[in-house]
Amino acid sequence: MAKGPGLFADIGKKARDLLTKDYNSDQKFSVSTYSASGVALTSTALKKGGLHAADVATQYKYKNTLFDVKIDTESNISTTITFTEVLPSTKAIASFKVPDYNSGKLEVQYFHDHATLTAVAALKQNPLIDVTATLGTPTIAFGAEAGYDTASKTFTKYNAGISVTKPDACASIILGDKGDSIKASYLHHVDEAKRSAAVGEVYRKFSTNENTVTVGGLYAVDHLTTVKAKLNNHGKLGALIQHEVVPKSLVTVSGEIDTKALDKYPRFGLSLALKP
C-alpha cells in the first residue's frame with residue numbers, strides 16, 4: 001500500500017486512543033493460541049455488570065486474504081474477509097453476521113501517495129452508504145466523510161477534519177455531528193521511545209453550549225509497566241496500570257471516580273490477555 005495521509009478515521013486517533021483505550025469497568029479474560037498452520041484462536045470471557053458473555057474467534061491468512069470468524073454465546077456468527085491488493089493499492093473488506101442477514105457490508109479502500117478514499121455500502125435493498133476522502137501527506141492531512149441513507153434520501157452524517165503529525169507530536173481538529181460539534185486534540189511524546197506522552201482534548205457541542213476539556217498522560221515505569229491517567233472538567237478521573245507479565249501477555253487494572261461525587265463508589269475494571 002502507498003504511504004499516504006492515512007484514513008479519515010486516523011485523524012485524531014493517537015490522542016483518542018491515549019484517552020480511551022484500555023479504560024474499562026468490566027472484567028475481561030482472553031487466551032490466544034496459534035497453530036503451526038497459521039490459524040490464530042482467541043477465547044474471550046466478559047463480565048459486564050451482572051451480565052456474562054463469551055466468544056471464540058479464529059483468524060487465518062491465506063496469501064493476500066485474511067479470514068476472521070467469531071462465534072458468541074448468543075449463537076451469532078460474525079465473519080470478516082479482508083482482501084489486500086485486489087487491485088494495486090486497493091483493499092476490500094466484506095463482513096456479515098448470521099442470523100442477521102441484513103448486516104452484510106462491503107468496504108473498499110484505496111491508498112495513494114497523496115490521497116486515500118473509502119466507500120462502505122450495506123448489502124441490502126436500500127443501503128446506507130458511507131464515503132471518506134483524505135488528501136495530503138503523512139505530515140499534514142485534510143479529510144471529510146459523509147453518510148447517505150438511500151431509503152430516506154437523507155444524509156446521516158457529514159464531518160471534516162485536519163491533522164498535523166510530527167515525529168514527537170500530533171494535533172488534529174475535527175468538525176463533527178453535521179457541523180454541530182468541534183474537537184481539537186494535541187499529543188506530545190516526552191521521550192524518544194514514544195512510551196511516555198501527554199495529551200489534551202477540547203470538545204464543544206454548539207447546540208447545547210456543552211464544553212468538555214480532558215487532559216491525560218502515559219508514563220512508562222519500566223519496559224514492562226505503563227500507567228495512564230486522565231481528568232476532565234466535569235470531575236471524572238480515570239487511571240490504569242498495565243503490566244506485561246510474560247512476553248505479549250498483558251494484565252490491565254483500571255478505575256474511574258467522580259471527584260464531584262465522592263460518595264459514589266468508584267468503578268474498577270480488570271483485563272487479562274494471554275498470548276504465547
# chains A, B, ... in the order shown; residues from 1 in each chain; ligands from 1

call {"tool": "residues_around", "arguments": {"residues": "Ala171 in chain A", "least_positions_apart": "5", "cutoff": "6 Å", "atoms": "only C-alpha atoms", "output": "PyMOL selection string"}}
result
chain A and resi 163-164+185-186

call {"tool": "residues_around", "arguments": {"residues": "range 127-130 of chain A", "least_positions_apart": "5", "cutoff": "12 Å", "atoms": "only C-alpha atoms", "output": "VMD selection string"}}
result
chain A and resid 8 102 to 109 117 to 122 144 to 159

call {"tool": "write_last_selection", "arguments": {"atoms": "N, CA and C atoms", "output": "PDB file, in the first residue's frame"}}
result
ATOM      1  N   PHE A   8      -9.468   8.669   7.008  1.00  0.00           N
ATOM      2  CA  PHE A   8     -10.121   9.731   7.772  1.00  0.00           C
ATOM      3  C   PHE A   8     -10.237   9.336   9.248  1.00  0.00           C
ATOM      4  N   ASN A 102     -29.295  -8.929   7.240  1.00  0.00           N
ATOM      5  CA  ASN A 102     -29.208  -7.557   6.741  1.00  0.00           C
ATOM      6  C   ASN A 102     -27.949  -6.850   7.227  1.00  0.00           C
ATOM      7  N   SER A 103     -27.043  -7.600   7.864  1.00  0.00           N
ATOM      8  CA  SER A 103     -25.846  -6.995   8.440  1.00  0.00           C
ATOM      9  C   SER A 103     -24.672  -6.950   7.470  1.00  0.00           C
ATOM     10  N   GLY A 104     -24.822  -7.498   6.286  1.00  0.00           N
ATOM     11  CA  GLY A 104     -23.713  -7.565   5.343  1.00  0.00           C
ATOM     12  C   GLY A 104     -23.239  -6.191   4.904  1.00  0.00           C
ATOM     13  N   LYS A 105     -21.921  -6.027   4.814  1.00  0.00           N
ATOM     14  CA  LYS A 105     -21.324  -4.771   4.368  1.00  0.00           C
ATOM     15  C   LYS A 105     -20.144  -5.065   3.455  1.00  0.00           C
ATOM     16  N   LEU A 106     -19.915  -4.167   2.541  1.00  0.00           N
ATOM     17  CA  LEU A 106     -18.746  -4.255   1.669  1.00  0.00           C
ATOM     18  C   LEU A 106     -18.028  -2.919   1.706  1.00  0.00           C
ATOM     19  N   GLU A 107     -16.740  -2.962   2.010  1.00  0.00           N
ATOM     20  CA  GLU A 107     -15.928  -1.740   2.083  1.00  0.00           C
ATOM     21  C   GLU A 107     -14.755  -1.854   1.126  1.00  0.00           C
ATOM     22  N   VAL A 108     -14.480  -0.767   0.424  1.00  0.00           N
ATOM     23  CA  VAL A 108     -13.334  -0.690  -0.482  1.00  0.00           C
ATOM     24  C   VAL A 108     -12.472   0.490  -0.046  1.00  0.00           C
ATOM     25  N   GLN A 109     -11.176   0.247   0.105  1.00  0.00           N
ATOM     26  CA  GLN A 109     -10.226   1.280   0.499  1.00  0.00           C
ATOM     27  C   GLN A 109      -9.167   1.420  -0.592  1.00  0.00           C
ATOM     28  N   LEU A 117      -9.135   6.977  -0.223  1.00  0.00           N
ATOM     29  CA  LEU A 117     -10.578   7.003  -0.430  1.00  0.00           C
ATOM     30  C   LEU A 117     -11.173   5.716   0.123  1.00  0.00           C
ATOM     31  N   THR A 118     -12.332   5.810   0.761  1.00  0.00           N
ATOM     32  CA  THR A 118     -13.039   4.616   1.209  1.00  0.00           C
ATOM     33  C   THR A 118     -14.511   4.753   0.873  1.00  0.00           C
ATOM     34  N   ALA A 119     -15.142   3.619   0.635  1.00  0.00           N
ATOM     35  CA  ALA A 119     -16.587   3.576   0.399  1.00  0.00           C
ATOM     36  C   ALA A 119     -17.126   2.319   1.060  1.00  0.00           C
ATOM     37  N   VAL A 120     -18.201   2.476   1.836  1.00  0.00           N
ATOM     38  CA  VAL A 120     -18.823   1.361   2.540  1.00  0.00           C
ATOM     39  C   VAL A 120     -20.304   1.348   2.192  1.00  0.00           C
ATOM     40  N   ALA A 121     -20.808   0.180   1.830  1.00  0.00           N
ATOM     41  CA  ALA A 121     -22.224   0.040   1.499  1.00  0.00           C
ATOM     42  C   ALA A 121     -22.790  -1.193   2.180  1.00  0.00           C
ATOM     43  N   ALA A 122     -23.968  -1.029   2.780  1.00  0.00           N
ATOM     44  CA  ALA A 122     -24.667  -2.172   3.359  1.00  0.00           C
ATOM     45  C   ALA A 122     -25.259  -3.003   2.229  1.00  0.00           C
ATOM     46  N   ALA A 144     -12.584  14.365   4.914  1.00  0.00           N
ATOM     47  CA  ALA A 144     -14.025  14.567   5.080  1.00  0.00           C
ATOM     48  C   ALA A 144     -14.717  13.226   4.941  1.00  0.00           C
ATOM     49  N   GLU A 145     -15.885  13.094   5.572  1.00  0.00           N
ATOM     50  CA  GLU A 145     -16.691  11.885   5.445  1.00  0.00           C
ATOM     51  C   GLU A 145     -18.157  12.271   5.356  1.00  0.00           C
ATOM     52  N   ALA A 146     -18.935  11.398   4.723  1.00  0.00           N
ATOM     53  CA  ALA A 146     -20.368  11.631   4.592  1.00  0.00           C
ATOM     54  C   ALA A 146     -21.086  10.294   4.575  1.00  0.00           C
ATOM     55  N   GLY A 147     -22.296  10.284   5.133  1.00  0.00           N
ATOM     56  CA  GLY A 147     -23.138   9.093   5.125  1.00  0.00           C
ATOM     57  C   GLY A 147     -24.479   9.432   4.513  1.00  0.00           C
ATOM     58  N   TYR A 148     -25.004   8.516   3.686  1.00  0.00           N
ATOM     59  CA  TYR A 148     -26.257   8.769   2.977  1.00  0.00           C
ATOM     60  C   TYR A 148     -27.174   7.569   3.100  1.00  0.00           C
ATOM     61  N   ASP A 149     -28.421   7.815   3.477  1.00  0.00           N
ATOM     62  CA  ASP A 149     -29.446   6.777   3.608  1.00  0.00           C
ATOM     63  C   ASP A 149     -30.284   6.777   2.338  1.00  0.00           C
ATOM     64  N   THR A 150     -30.134   5.723   1.523  1.00  0.00           N
ATOM     65  CA  THR A 150     -30.854   5.681   0.255  1.00  0.00           C
ATOM     66  C   THR A 150     -32.354   5.456   0.439  1.00  0.00           C
ATOM     67  N   ALA A 151     -32.766   4.952   1.613  1.00  0.00           N
ATOM     68  CA  ALA A 151     -34.195   4.737   1.867  1.00  0.00           C
ATOM     69  C   ALA A 151     -34.910   6.065   2.120  1.00  0.00           C
ATOM     70  N   SER A 152     -34.341   6.894   2.996  1.00  0.00           N
ATOM     71  CA  SER A 152     -34.967   8.187   3.313  1.00  0.00           C
ATOM     72  C   SER A 152     -34.427   9.322   2.466  1.00  0.00           C
ATOM     73  N   LYS A 153     -33.376   9.023   1.669  1.00  0.00           N
ATOM     74  CA  LYS A 153     -32.746  10.030   0.813  1.00  0.00           C
ATOM     75  C   LYS A 153     -32.270  11.239   1.622  1.00  0.00           C
ATOM     76  N   THR A 154     -31.624  10.948   2.738  1.00  0.00           N
ATOM     77  CA  THR A 154     -31.080  11.994   3.594  1.00  0.00           C
ATOM     78  C   THR A 154     -29.655  11.654   3.979  1.00  0.00           C
ATOM     79  N   PHE A 155     -28.896  12.696   4.310  1.00  0.00           N
ATOM     80  CA  PHE A 155     -27.531  12.495   4.793  1.00  0.00           C
ATOM     81  C   PHE A 155     -27.577  12.169   6.282  1.00  0.00           C
ATOM     82  N   THR A 156     -26.936  11.085   6.675  1.00  0.00           N
ATOM     83  CA  THR A 156     -26.894  10.697   8.081  1.00  0.00           C
ATOM     84  C   THR A 156     -25.743  11.362   8.816  1.00  0.00           C
ATOM     85  N   LYS A 157     -24.724  11.799   8.080  1.00  0.00           N
ATOM     86  CA  LYS A 157     -23.596  12.485   8.694  1.00  0.00           C
ATOM     87  C   LYS A 157     -22.770  13.173   7.630  1.00  0.00           C
ATOM     88  N   TYR A 158     -22.089  14.233   8.041  1.00  0.00           N
ATOM     89  CA  TYR A 158     -21.036  14.842   7.231  1.00  0.00           C
ATOM     90  C   TYR A 158     -20.101  15.574   8.179  1.00  0.00           C
ATOM     91  N   ASN A 159     -18.832  15.175   8.131  1.00  0.00           N
ATOM     92  CA  ASN A 159     -17.816  15.669   9.049  1.00  0.00           C
ATOM     93  C   ASN A 159     -16.546  15.993   8.266  1.00  0.00           C
TER      94      ASN A 159
END

call {"tool": "residues_around", "arguments": {"residues": "Asn232 in chain A", "least_positions_apart": "5", "cutoff": "7 Å", "atoms": "only C-alpha atoms", "output": "JSON list (two decimals) with all heavy atoms, in the first residue's frame"}}
result
[["chain", "number", "residue", "atom", "x", "y", "z"],
["A", 212, "THR", "N", -16.24, 20.26, 27.04],
["A", 212, "THR", "CA", -15.51, 19.25, 27.81],
["A", 212, "THR", "C", -14.03, 19.38, 27.50],
["A", 212, "THR", "O", -13.62, 19.32, 26.34],
["A", 212, "THR", "CB", -15.99, 17.83, 27.46],
["A", 212, "THR", "OG1", -17.39, 17.72, 27.70],
["A", 212, "THR", "CG2", -15.26, 16.80, 28.30],
["A", 213, "VAL", "N", -13.26, 19.57, 28.55],
["A", 213, "VAL", "CA", -11.81, 19.66, 28.43],
["A", 213, "VAL", "C", -11.20, 18.46, 29.16],
["A", 213, "VAL", "O", -11.50, 18.25, 30.34],
["A", 213, "VAL", "CB", -11.26, 20.97, 29.01],
["A", 213, "VAL", "CG1", -9.75, 21.03, 28.87],
["A", 213, "VAL", "CG2", -11.91, 22.17, 28.32],
["A", 214, "THR", "N", -10.38, 17.70, 28.47],
["A", 214, "THR", "CA", -9.78, 16.49, 29.05],
["A", 214, "THR", "C", -8.27, 16.55, 28.87],
["A", 214, "THR", "O", -7.77, 16.88, 27.79],
["A", 214, "THR", "CB", -10.32, 15.22, 28.38],
["A", 214, "THR", "OG1", -11.74, 15.23, 28.40],
["A", 214, "THR", "CG2", -9.82, 13.98, 29.11],
["A", 215, "VAL", "N", -7.55, 16.24, 29.94],
["A", 215, "VAL", "CA", -6.10, 16.13, 29.87],
["A", 215, "VAL", "C", -5.72, 14.72, 30.35],
["A", 215, "VAL", "O", -6.41, 14.12, 31.18],
["A", 215, "VAL", "CB", -5.39, 17.19, 30.73],
["A", 215, "VAL", "CG1", -5.63, 18.57, 30.17],
["A", 215, "VAL", "CG2", -5.84, 17.11, 32.18],
["A", 237, "LEU", "N", -12.21, 11.34, 36.90],
["A", 237, "LEU", "CA", -10.79, 10.98, 36.98],
["A", 237, "LEU", "C", -10.64, 9.49, 36.71],
["A", 237, "LEU", "O", -11.27, 8.66, 37.35],
["A", 237, "LEU", "CB", -10.24, 11.31, 38.36],
["A", 237, "LEU", "CG", -8.80, 10.85, 38.66],
["A", 237, "LEU", "CD1", -7.80, 11.55, 37.75],
["A", 237, "LEU", "CD2", -8.46, 11.09, 40.13]]

call {"tool": "closest_residue", "arguments": {"among": "A:Lys14, A:Lys248, A:Gly4, A:Lys230", "to": "Ala169 in chain A", "atoms": "only C-alpha atoms"}}
result
A:Lys14

call {"tool": "residues_around", "arguments": {"residues": "Tyr60 in chain A", "least_positions_apart": "4", "cutoff": "6 Å", "atoms": "only C-alpha atoms", "output": "PDB file with all heavy atoms, in the first residue's frame"}}
result
ATOM      1  N   VAL A  39      -3.183 -20.682  11.978  1.00  0.00           N
ATOM      2  CA  VAL A  39      -4.507 -20.340  12.489  1.00  0.00           C
ATOM      3  C   VAL A  39      -4.375 -19.789  13.912  1.00  0.00           C
ATOM      4  O   VAL A  39      -3.745 -20.401  14.763  1.00  0.00           O
ATOM      5  CB  VAL A  39      -5.448 -21.567  12.486  1.00  0.00           C
ATOM      6  CG1 VAL A  39      -6.798 -21.207  13.099  1.00  0.00           C
ATOM      7  CG2 VAL A  39      -5.627 -22.077  11.067  1.00  0.00           C
ATOM      8  N   LEU A  66      -7.390 -12.473   4.386  1.00  0.00           N
ATOM      9  CA  LEU A  66      -7.444 -12.703   5.827  1.00  0.00           C
ATOM     10  C   LEU A  66      -8.883 -13.027   6.220  1.00  0.00           C
ATOM     11  O   LEU A  66      -9.809 -12.268   5.916  1.00  0.00           O
ATOM     12  CB  LEU A  66      -6.960 -11.464   6.585  1.00  0.00           C
ATOM     13  CG  LEU A  66      -6.902 -11.570   8.112  1.00  0.00           C
ATOM     14  CD1 LEU A  66      -5.849 -12.590   8.538  1.00  0.00           C
ATOM     15  CD2 LEU A  66      -6.603 -10.210   8.725  1.00  0.00           C
ATOM     16  N   PHE A  67      -9.068 -14.162   6.899  1.00  0.00           N
ATOM     17  CA  PHE A  67     -10.392 -14.604   7.331  1.00  0.00           C
ATOM     18  C   PHE A  67     -10.514 -14.446   8.848  1.00  0.00           C
ATOM     19  O   PHE A  67      -9.650 -14.917   9.591  1.00  0.00           O
ATOM     20  CB  PHE A  67     -10.627 -16.074   6.956  1.00  0.00           C
ATOM     21  CG  PHE A  67     -10.550 -16.356   5.486  1.00  0.00           C
ATOM     22  CD1 PHE A  67      -9.336 -16.664   4.883  1.00  0.00           C
ATOM     23  CD2 PHE A  67     -11.690 -16.320   4.696  1.00  0.00           C
ATOM     24  CE1 PHE A  67      -9.263 -16.934   3.522  1.00  0.00           C
ATOM     25  CE2 PHE A  67     -11.637 -16.595   3.342  1.00  0.00           C
ATOM     26  CZ  PHE A  67     -10.415 -16.894   2.753  1.00  0.00           C
TER      27      PHE A  67
END

call {"tool": "closest_residue", "arguments": {"among": "A:Lys61, A:His52, A:Arg16, A:Lys47", "to": "Glu74 in chain A", "atoms": "only C-alpha atoms"}}
result
A:His52

call {"tool": "residues_around", "arguments": {"residues": "Asp191 in chain A", "least_positions_apart": "3", "cutoff": "12 Å", "atoms": "only C-alpha atoms", "output": "compact mmCIF listing (two decimals) with all heavy atoms, in the first residue's frame"}}
result
# COMPACT_ATOMS: atom_id res chain seq x y z
N PRO A 167 7.35 13.93 14.26
CA PRO A 167 7.92 12.76 14.94
C PRO A 167 7.60 12.68 16.42
O PRO A 167 7.44 11.58 16.96
CB PRO A 167 9.43 12.93 14.70
CG PRO A 167 9.53 13.70 13.43
CD PRO A 167 8.36 14.64 13.45
N ASP A 168 7.50 13.82 17.10
CA ASP A 168 7.26 13.79 18.55
C ASP A 168 5.92 14.37 18.97
O ASP A 168 5.64 14.50 20.17
CB ASP A 168 8.37 14.55 19.28
CG ASP A 168 8.43 16.02 18.87
OD1 ASP A 168 7.80 16.37 17.85
OD2 ASP A 168 9.09 16.81 19.58
N ALA A 169 5.05 14.70 18.02
CA ALA A 169 3.77 15.31 18.38
C ALA A 169 2.77 15.17 17.25
O ALA A 169 3.13 14.92 16.09
CB ALA A 169 3.96 16.79 18.71
N HIS A 188 1.76 14.98 22.74
CA HIS A 188 3.20 15.22 22.67
C HIS A 188 3.94 14.10 23.38
O HIS A 188 3.66 13.80 24.55
CB HIS A 188 3.55 16.56 23.32
CG HIS A 188 4.99 16.94 23.15
ND1 HIS A 188 5.46 17.57 22.01
CD2 HIS A 188 6.07 16.76 23.95
CE1 HIS A 188 6.76 17.76 22.14
NE2 HIS A 188 7.16 17.28 23.30
N LYS A 194 8.90 7.01 22.65
CA LYS A 194 7.46 7.26 22.50
C LYS A 194 6.63 6.37 23.41
O LYS A 194 5.53 5.95 23.06
CB LYS A 194 7.02 7.09 21.04
CG LYS A 194 7.65 8.08 20.09
CD LYS A 194 7.12 7.93 18.67
CE LYS A 194 7.75 8.97 17.75
NZ LYS A 194 7.23 8.86 16.36
N ARG A 195 7.15 6.10 24.61
CA ARG A 195 6.41 5.29 25.58
C ARG A 195 5.80 6.16 26.68
O ARG A 195 5.07 5.65 27.52
CB ARG A 195 7.30 4.21 26.19
CG ARG A 195 7.87 3.22 25.17
CD ARG A 195 8.42 1.98 25.83
NE ARG A 195 7.35 1.22 26.47
CZ ARG A 195 7.45 0.68 27.68
NH1 ARG A 195 8.56 0.86 28.39
NH2 ARG A 195 6.46 -0.01 28.20
N SER A 196 6.11 7.44 26.67
CA SER A 196 5.51 8.39 27.61
C SER A 196 5.02 9.59 26.82
O SER A 196 5.68 10.04 25.89
CB SER A 196 6.53 8.84 28.67
OG SER A 196 6.97 7.74 29.45
N ALA A 197 3.83 10.08 27.19
CA ALA A 197 3.24 11.17 26.41
C ALA A 197 2.23 11.93 27.25
O ALA A 197 1.73 11.44 28.27
CB ALA A 197 2.56 10.62 25.16
N ALA A 198 1.94 13.17 26.81
CA ALA A 198 0.90 14.00 27.41
C ALA A 198 -0.10 14.37 26.32
O ALA A 198 0.28 14.54 25.15
CB ALA A 198 1.50 15.25 28.03
N LEU A 218 0.52 9.35 29.65
CA LEU A 218 1.01 7.98 29.63
C LEU A 218 2.45 8.01 30.10
O LEU A 218 3.25 8.83 29.63
CB LEU A 218 0.92 7.42 28.21
CG LEU A 218 1.68 6.12 27.92
CD1 LEU A 218 1.04 4.95 28.63
CD2 LEU A 218 1.73 5.86 26.42
N TYR A 219 2.79 7.12 31.05
CA TYR A 219 4.15 7.09 31.57
C TYR A 219 4.64 5.66 31.66
O TYR A 219 3.94 4.77 32.19
CB TYR A 219 4.21 7.74 32.96
CG TYR A 219 5.58 7.66 33.60
CD1 TYR A 219 6.64 8.41 33.10
CD2 TYR A 219 5.80 6.84 34.70
CE1 TYR A 219 7.90 8.33 33.69
CE2 TYR A 219 7.05 6.76 35.30
CZ TYR A 219 8.10 7.51 34.78
OH TYR A 219 9.35 7.42 35.34
N ALA A 220 5.82 5.41 31.10
CA ALA A 220 6.42 4.08 31.16
C ALA A 220 7.27 3.98 32.42
O ALA A 220 8.32 4.62 32.53
CB ALA A 220 7.27 3.84 29.92

call {"tool": "closest_residue", "arguments": {"among": "A:Thr165, A:Gly49, A:Thr33, A:Pro138", "to": "Ser249 in chain A", "atoms": "only C-alpha atoms"}}
result
A:Thr33

call {"tool": "residues_around", "arguments": {"residues": "Ala273 in chain A", "least_positions_apart": "3", "cutoff": "8 Å", "atoms": "only C-alpha atoms", "output": "ChimeraX atom specification"}}
result
/A:29-32,249-251

call {"tool": "write_last_selection", "arguments": {"atoms": "C-alpha atoms", "output": "mmCIF file, in the first residue's frame"}}
result
data_model
loop_
_atom_site.group_PDB
_atom_site.id
_atom_site.type_symbol
_atom_site.label_atom_id
_atom_site.label_comp_id
_atom_site.auth_asym_id
_atom_site.auth_seq_id
_atom_site.Cartn_x
_atom_site.Cartn_y
_atom_site.Cartn_z
ATOM 1 C CA PHE A 29 -10.192 -12.560 30.222
ATOM 2 C CA SER A 30 -8.829 -13.752 26.890
ATOM 3 C CA VAL A 31 -6.468 -16.509 25.782
ATOM 4 C CA SER A 32 -4.890 -16.745 22.324
ATOM 5 C CA SER A 249 0.600 -11.155 27.697
ATOM 6 C CA LEU A 250 -0.890 -8.144 29.481
ATOM 7 C CA VAL A 251 -2.780 -7.580 32.700
#

call {"tool": "residues_around", "arguments": {"residues": "Gly176 in chain A", "least_positions_apart": "3", "cutoff": "7 Å", "atoms": "only C-alpha atoms", "output": "list in words"}}
result
Asn159, Ala160, Gly179, Asp180, Ser181 and Ile182 of chain A

call {"tool": "write_last_selection", "arguments": {"atoms": "all heavy atoms", "output": "mmCIF file, in the first residue's frame"}}
result
data_model
loop_
_atom_site.group_PDB
_atom_site.id
_atom_site.type_symbol
_atom_site.label_atom_id
_atom_site.label_comp_id
_atom_site.auth_asym_id
_atom_site.auth_seq_id
_atom_site.Cartn_x
_atom_site.Cartn_y
_atom_site.Cartn_z
ATOM 1 N N ASN A 159 -18.832 15.175 8.131
ATOM 2 C CA ASN A 159 -17.816 15.669 9.049
ATOM 3 C C ASN A 159 -16.546 15.993 8.266
ATOM 4 O O ASN A 159 -16.346 15.519 7.149
ATOM 5 C CB ASN A 159 -17.503 14.626 10.127
ATOM 6 C CG ASN A 159 -18.745 14.126 10.841
ATOM 7 O OD1 ASN A 159 -19.584 14.911 11.243
ATOM 8 N ND2 ASN A 159 -18.868 12.806 10.984
ATOM 9 N N ALA A 160 -15.676 16.796 8.872
ATOM 10 C CA ALA A 160 -14.414 17.163 8.233
ATOM 11 C C ALA A 160 -13.339 17.282 9.307
ATOM 12 O O ALA A 160 -13.640 17.517 10.486
ATOM 13 C CB ALA A 160 -14.547 18.470 7.465
ATOM 14 N N GLY A 179 -21.601 19.485 11.678
ATOM 15 C CA GLY A 179 -21.204 20.843 11.985
ATOM 16 C C GLY A 179 -21.635 21.332 13.346
ATOM 17 O O GLY A 179 -21.421 22.514 13.678
ATOM 18 N N ASP A 180 -22.224 20.462 14.177
ATOM 19 C CA ASP A 180 -22.728 20.881 15.490
ATOM 20 C C ASP A 180 -21.687 20.734 16.594
ATOM 21 O O ASP A 180 -21.914 21.178 17.711
ATOM 22 C CB ASP A 180 -23.985 20.075 15.846
ATOM 23 C CG ASP A 180 -24.671 20.592 17.103
ATOM 24 O OD1 ASP A 180 -24.772 21.826 17.246
ATOM 25 O OD2 ASP A 180 -25.079 19.774 17.945
ATOM 26 N N SER A 181 -20.553 20.137 16.310
ATOM 27 C CA SER A 181 -19.531 19.972 17.342
ATOM 28 C C SER A 181 -18.149 20.142 16.738
ATOM 29 O O SER A 181 -17.950 19.973 15.524
ATOM 30 C CB SER A 181 -19.639 18.587 18.002
ATOM 31 O OG SER A 181 -19.257 17.569 17.091
ATOM 32 N N ILE A 182 -17.209 20.486 17.585
ATOM 33 C CA ILE A 182 -15.813 20.609 17.172
ATOM 34 C C ILE A 182 -14.930 20.005 18.258
ATOM 35 O O ILE A 182 -15.198 20.173 19.458
ATOM 36 C CB ILE A 182 -15.425 22.079 16.890
ATOM 37 C CG1 ILE A 182 -14.031 22.142 16.283
ATOM 38 C CG2 ILE A 182 -15.532 22.930 18.139
ATOM 39 C CD1 ILE A 182 -13.671 23.515 15.731
#

call {"tool": "closest_residue", "arguments": {"among": "A:Lys264, A:His243, A:Lys97, A:Lys63", "to": "Gly38 in chain A", "atoms": "only C-alpha atoms"}}
result
A:Lys63
